[in-house]
Amino acid sequence: MSVLRSLFAYAGRHKYLTMLSLLFSFISAVFLLMPFLWIWKVVEEILKVYPDFGQAADAAKYGWYALISAAAGILIYVASLLCSHLAAFRIAANMRKTAMHHVVTLPLGYFSKEGSGKLRKIIDESAASTETYLAHQLPDSVQLMTTVIGVLICLFVFNWRFGAAVLIALIFAFLNMMKMVGKGLQESMKAYMDALEGMSNEAVEYIRGIPVVKTFQQTVYSFERFYKSIKNYEKFALGYTNQMRMPMTLFTTLINSVFVFLIGTMALLIAYGFDAGALMPDFMFYVIFTPIVAVTANKMMFASENNMLAKDAVQRMEGITKEKAFQYPEKGRKIKNHDIVFDHVSFTYPGSEAEVLHDISLEIKESTTVAFVGKSGGGKSTLVSLIPRFYDVTEGAVLIGGVNVKNMTEEELMDQVSFVFQDNRLLKKTLRENIKMGLEADDPAVLEAAKKAQCMEILEKFPQGLDTEIGSSGVYLSGGETQRMTLARAILKNAPILLLDEATAYADSDNELLMQRAIRELSQNKTTIMIAHRLSTIVNADCIYVIDDGRILEAGSHKELLKKNGEYARMWRQYSQSVEWKAGETA
Ligand SMILES: Nc1ncnc2c1ncn2[C@@H]1O[C@H](COP(=O)(O)OP(=O)(O)OP(=O)(O)O)[C@@H](O)[C@H]1O
């Protein structure tokens, strides 16, 4: 019931269709039990007139009744499945939609914590297994319950002694079944499903990393994590199977040995002086009837396993939908200008122990350009990512124009900021849509932005120009091309705050100069933050912050920092030397 209640949360009006399917399923079960009774009547009729079979006038009539009730039962069952399938598809689709809608509201940190393979598996496969559950297993369970109740009634209506014999076998079999579906097994199954999920995640990560692995000849080492997850899966799969082996064997044996109990009872009754002839019709009824008992009991066992699977799927899905969404206020406060302030900001990545930024305070005035430089891993990208709220600060606040970014609506915040990062992604849409990203702009404006960002050679490469669909056959953009497309996006958006994290990292020397010029032009009158390892690109910044180990080491203009002769001056000397060496090499 709890599984059904959870699933109905996604059902809307389709829950009535599910209920209708259950009603049909119940009626069909009643109809499908009837043929056994009619056949018993046929047998009784024949035995009554034996050996003069011509006297069995009603046998044919009962035969027809059996056929008609079987046909009606099947037809009603088909109607039940029709309803259940319609509802199941809709409910599973709603589950996927709800999960996806929720996923996009989650903080970015969630996606680095949970691998994408794992998320895909949970959303897709959990919805699929609830679909099977609702379409088949649930109506079948109602049918089974009805059949069980019908069977139990019939067992005792005809001859309680034979009924008791069948029941004893059933009780033993079901006691075994309890072992199979008990709490311990639910836990083993959860561990098994976790291992399966882990393996799926590692497989995705492994396949993604293959190019890097091949380049660095790391095959054996990189395979280790994936291999461990396979071994872990093997451990739980074997454990689960071993746990099932004994009770499953006993269950199957007991359920199929009901005949032995019946024959034993018949022999006992005859030994105690009962008339074999008078017992025969009842005995025949139980012989006809017992196969349903075995089939029903088998089905019940699988139904309870499927119920556990559906419960597990619902819980996994709820694990995502109950994850706290990123909160944006309904109504935001208006910003006064485009100053950016970091006020005593500390930050730790979600799920990580180590603090990455420690008590950082700095102020960036509107329309100025600042640069963050420093050792790799010092926290520059993290600091920048707090402005568009890719993550929320752990302590302190980030303010734009005097307003905490947490108090700005999503629209307001995103309208203020455009960014070009190292790791940019394009959508599987046309080049035009990738530059516009939902902005109102006509083709000349899109082309103008593309031109400034040095994207014309990309557009010229494909005969369909702006209409070229990324991801369609043969359309692939390199890292540098993707970065230029992202720059075109930022140019078209023309937001007052510009965040550039190694924005020209992948550019070749021809393009880099032109991209730098476009960036310089774009950053005019904008609050700009640049992260760059090539220090020549930031010498003109109004202020340069040297970030080291999550702290500001030094701050000032290029000239001031050189005069100070500290870390920046050291970095500059090193950089100039490397440029000289390169120039020497090319000379
Ligand atoms: N998603 C994450 N989860 C946990 N820790 C992270 C995550 N991303 C980065 N870090 C850690 O935060 C620290 C700062 O990383 P960050 O990328 O901000 O440095 P950076 O100065 O920009 O480095 P680079 O110049 O190499 O880009 C590093 O120690 C890094 O390992």
# chains A, B, ... in the order shown; residues from 1 in each chain; ligands from 1
>>> residues_near_ligand(ligand="ligand 1", cutoff="8 Å", atoms="only C-alpha atoms and all ligand atoms", output="JSON, numbers by chain")
{"A": [109, 112, 113, 348, 349, 350, 351, 352, 354, 356, 357, 373, 374, 375, 376, 377, 378, 379, 380, 381, 382, 383, 531, 533, 547, 548, 549, 550]}
>>> residues_around(residues="stretch 559-568 of chain A", least_positions_apart="3", cutoff="9 Å", atoms="only C-alpha atoms", output="PDB file with N, CA and C atoms, in the first residue's frame")
ATOM      1  N   VAL A 373      44.973  35.745  -9.864  1.00  0.00           N
ATOM      2  CA  VAL A 373      46.072  34.899 -10.334  1.00  0.00           C
ATOM      3  C   VAL A 373      46.565  34.077  -9.141  1.00  0.00           C
ATOM      4  N   GLY A 374      47.391  33.110  -9.428  1.00  0.00           N
ATOM      5  CA  GLY A 374      47.936  32.306  -8.328  1.00  0.00           C
ATOM      6  C   GLY A 374      48.122  30.862  -8.742  1.00  0.00           C
ATOM      7  N   VAL A 539      47.840  42.413 -17.350  1.00  0.00           N
ATOM      8  CA  VAL A 539      48.674  43.513 -16.825  1.00  0.00           C
ATOM      9  C   VAL A 539      47.915  44.835 -16.702  1.00  0.00           C
ATOM     10  N   ILE A 544      44.942  43.415  -9.259  1.00  0.00           N
ATOM     11  CA  ILE A 544      45.267  41.994  -9.408  1.00  0.00           C
ATOM     12  C   ILE A 544      45.310  41.378  -8.012  1.00  0.00           C
ATOM     13  N   TYR A 545      44.572  40.294  -7.812  1.00  0.00           N
ATOM     14  CA  TYR A 545      44.597  39.600  -6.516  1.00  0.00           C
ATOM     15  C   TYR A 545      45.385  38.306  -6.678  1.00  0.00           C
ATOM     16  N   VAL A 546      46.365  38.108  -5.831  1.00  0.00           N
ATOM     17  CA  VAL A 546      47.090  36.836  -5.860  1.00  0.00           C
ATOM     18  C   VAL A 546      46.415  35.929  -4.821  1.00  0.00           C
ATOM     19  N   LEU A 553      46.769  36.748  -1.015  1.00  0.00           N
ATOM     20  CA  LEU A 553      48.157  36.920  -0.580  1.00  0.00           C
ATOM     21  C   LEU A 553      48.592  38.372  -0.791  1.00  0.00           C
ATOM     22  N   GLU A 554      48.241  38.884  -1.965  1.00  0.00           N
ATOM     23  CA  GLU A 554      48.612  40.268  -2.309  1.00  0.00           C
ATOM     24  C   GLU A 554      47.523  40.860  -3.181  1.00  0.00           C
ATOM     25  N   ALA A 555      47.447  42.202  -3.212  1.00  0.00           N
ATOM     26  CA  ALA A 555      46.509  42.860  -4.116  1.00  0.00           C
ATOM     27  C   ALA A 555      47.084  44.196  -4.539  1.00  0.00           C
ATOM     28  N   GLY A 556      46.850  44.579  -5.792  1.00  0.00           N
ATOM     29  CA  GLY A 556      47.333  45.865  -6.293  1.00  0.00           C
ATOM     30  C   GLY A 556      47.421  45.826  -7.802  1.00  0.00           C
ATOM     31  N   MET A 571      56.108  35.519  -9.771  1.00  0.00           N
ATOM     32  CA  MET A 571      55.361  34.870 -10.848  1.00  0.00           C
ATOM     33  C   MET A 571      55.635  35.556 -12.181  1.00  0.00           C
ATOM     34  N   TRP A 572      55.715  36.881 -12.118  1.00  0.00           N
ATOM     35  CA  TRP A 572      55.918  37.672 -13.344  1.00  0.00           C
ATOM     36  C   TRP A 572      57.290  37.364 -13.960  1.00  0.00           C
ATOM     37  N   ARG A 573      58.286  37.298 -13.087  1.00  0.00           N
ATOM     38  CA  ARG A 573      59.638  37.000 -13.575  1.00  0.00           C
ATOM     39  C   ARG A 573      59.644  35.623 -14.255  1.00  0.00           C
TER      40      ARG A 573
END
>>> atom_distance(atom1="atom CA of A:Arg520", atom2="atom CA of A:Gln416")
18.4 Å
>>> closest_residue(among="A:Ser2, A:Ser200, A:Ser478, A:Asn256", to="A:Asn232", atoms="only C-alpha atoms")
A:Ser200
>>> select_by_dssp(residues="stretch 387-476 of chain A", states="strand (DSSP E)", output="list in words")
Glu395, Gly396, Ala397, Val398, Leu399, Ile400, Val403, Asn404, Val417, Ser418, Phe419 and Val420 of chain A
>>> atom_distance(atom1="atom CA of A:Ala297", atom2="atom CA of A:Val166")
12.1 Å
>>> select_by_dssp(residues="stretch 205-357 of chain A", states="helix (DSSP H, G or I)", output="ChimeraX atom specification")
/A:205-215,219-256,258-271,276-321
>>> closest_residue(among="A:Ala87, A:Leu477, A:Met199, A:Ile387", to="A:Ile230", atoms="only C-alpha atoms")
A:Met199
>>> residues_around(residues="A:Ala56", least_positions_apart="2", cutoff="10 Å", atoms="only C-alpha atoms", output="VMD selection string")
chain A and resid 42 to 50 52 to 54 58 to 60
>>> write_last_selection(atoms="N, CA and C atoms", output="compact mmCIF listing (two decimals), in the first residue's frame")
# COMPACT_ATOMS: atom_id res chain seq x y z
N VAL A 42 -18.59 -31.33 -14.52
CA VAL A 42 -18.56 -32.27 -15.66
C VAL A 42 -18.08 -33.64 -15.16
N VAL A 43 -16.96 -33.61 -14.39
CA VAL A 43 -16.38 -34.87 -13.89
C VAL A 43 -17.40 -35.60 -13.00
N GLU A 44 -18.04 -34.83 -12.12
CA GLU A 44 -19.03 -35.42 -11.20
C GLU A 44 -20.15 -36.10 -12.00
N GLU A 45 -20.62 -35.38 -13.03
CA GLU A 45 -21.71 -35.87 -13.88
C GLU A 45 -21.31 -37.20 -14.54
N ILE A 46 -20.06 -37.20 -15.07
CA ILE A 46 -19.58 -38.40 -15.78
C ILE A 46 -19.44 -39.57 -14.80
N LEU A 47 -18.87 -39.26 -13.63
CA LEU A 47 -18.67 -40.35 -12.66
C LEU A 47 -20.00 -40.91 -12.16
N LYS A 48 -21.01 -40.02 -12.07
CA LYS A 48 -22.34 -40.43 -11.58
C LYS A 48 -22.96 -41.49 -12.50
N VAL A 49 -22.80 -41.29 -13.83
CA VAL A 49 -23.50 -42.16 -14.79
C VAL A 49 -22.58 -43.28 -15.30
N TYR A 50 -21.33 -43.30 -14.84
CA TYR A 50 -20.37 -44.30 -15.31
C TYR A 50 -20.97 -45.69 -15.23
N ASP A 52 -22.36 -45.59 -18.27
CA ASP A 52 -23.29 -45.21 -19.35
C ASP A 52 -23.17 -43.70 -19.61
N PHE A 53 -22.13 -43.30 -20.34
CA PHE A 53 -21.82 -41.86 -20.52
C PHE A 53 -22.92 -41.09 -21.25
N GLY A 54 -23.75 -41.81 -22.03
CA GLY A 54 -24.84 -41.16 -22.76
C GLY A 54 -25.82 -40.47 -21.82
N ASP A 58 -26.07 -33.16 -18.81
CA ASP A 58 -25.67 -31.79 -18.50
C ASP A 58 -24.17 -31.52 -18.71
N ALA A 59 -23.41 -32.60 -18.97
CA ALA A 59 -21.93 -32.42 -19.07
C ALA A 59 -21.55 -31.37 -20.12
N ALA A 60 -22.20 -31.46 -21.31
CA ALA A 60 -21.85 -30.51 -22.38
C ALA A 60 -22.19 -29.08 -21.96
>>> atom_distance(atom1="atom CA of A:Leu119", atom2="atom CA of A:Glu395")
29.1 Å
>>> residues_around(residues="A:Ile149", least_positions_apart="2", cutoff="12 Å", atoms="only C-alpha atoms", output="PyMOL selection string")
chain A and resi 26+29-30+33+142-147+151-156+293+296
>>> closest_residue(among="A:His344, A:Arg551, A:Lys461, A:Lys526", to="A:Thr368", atoms="only C-alpha atoms")
A:Lys526
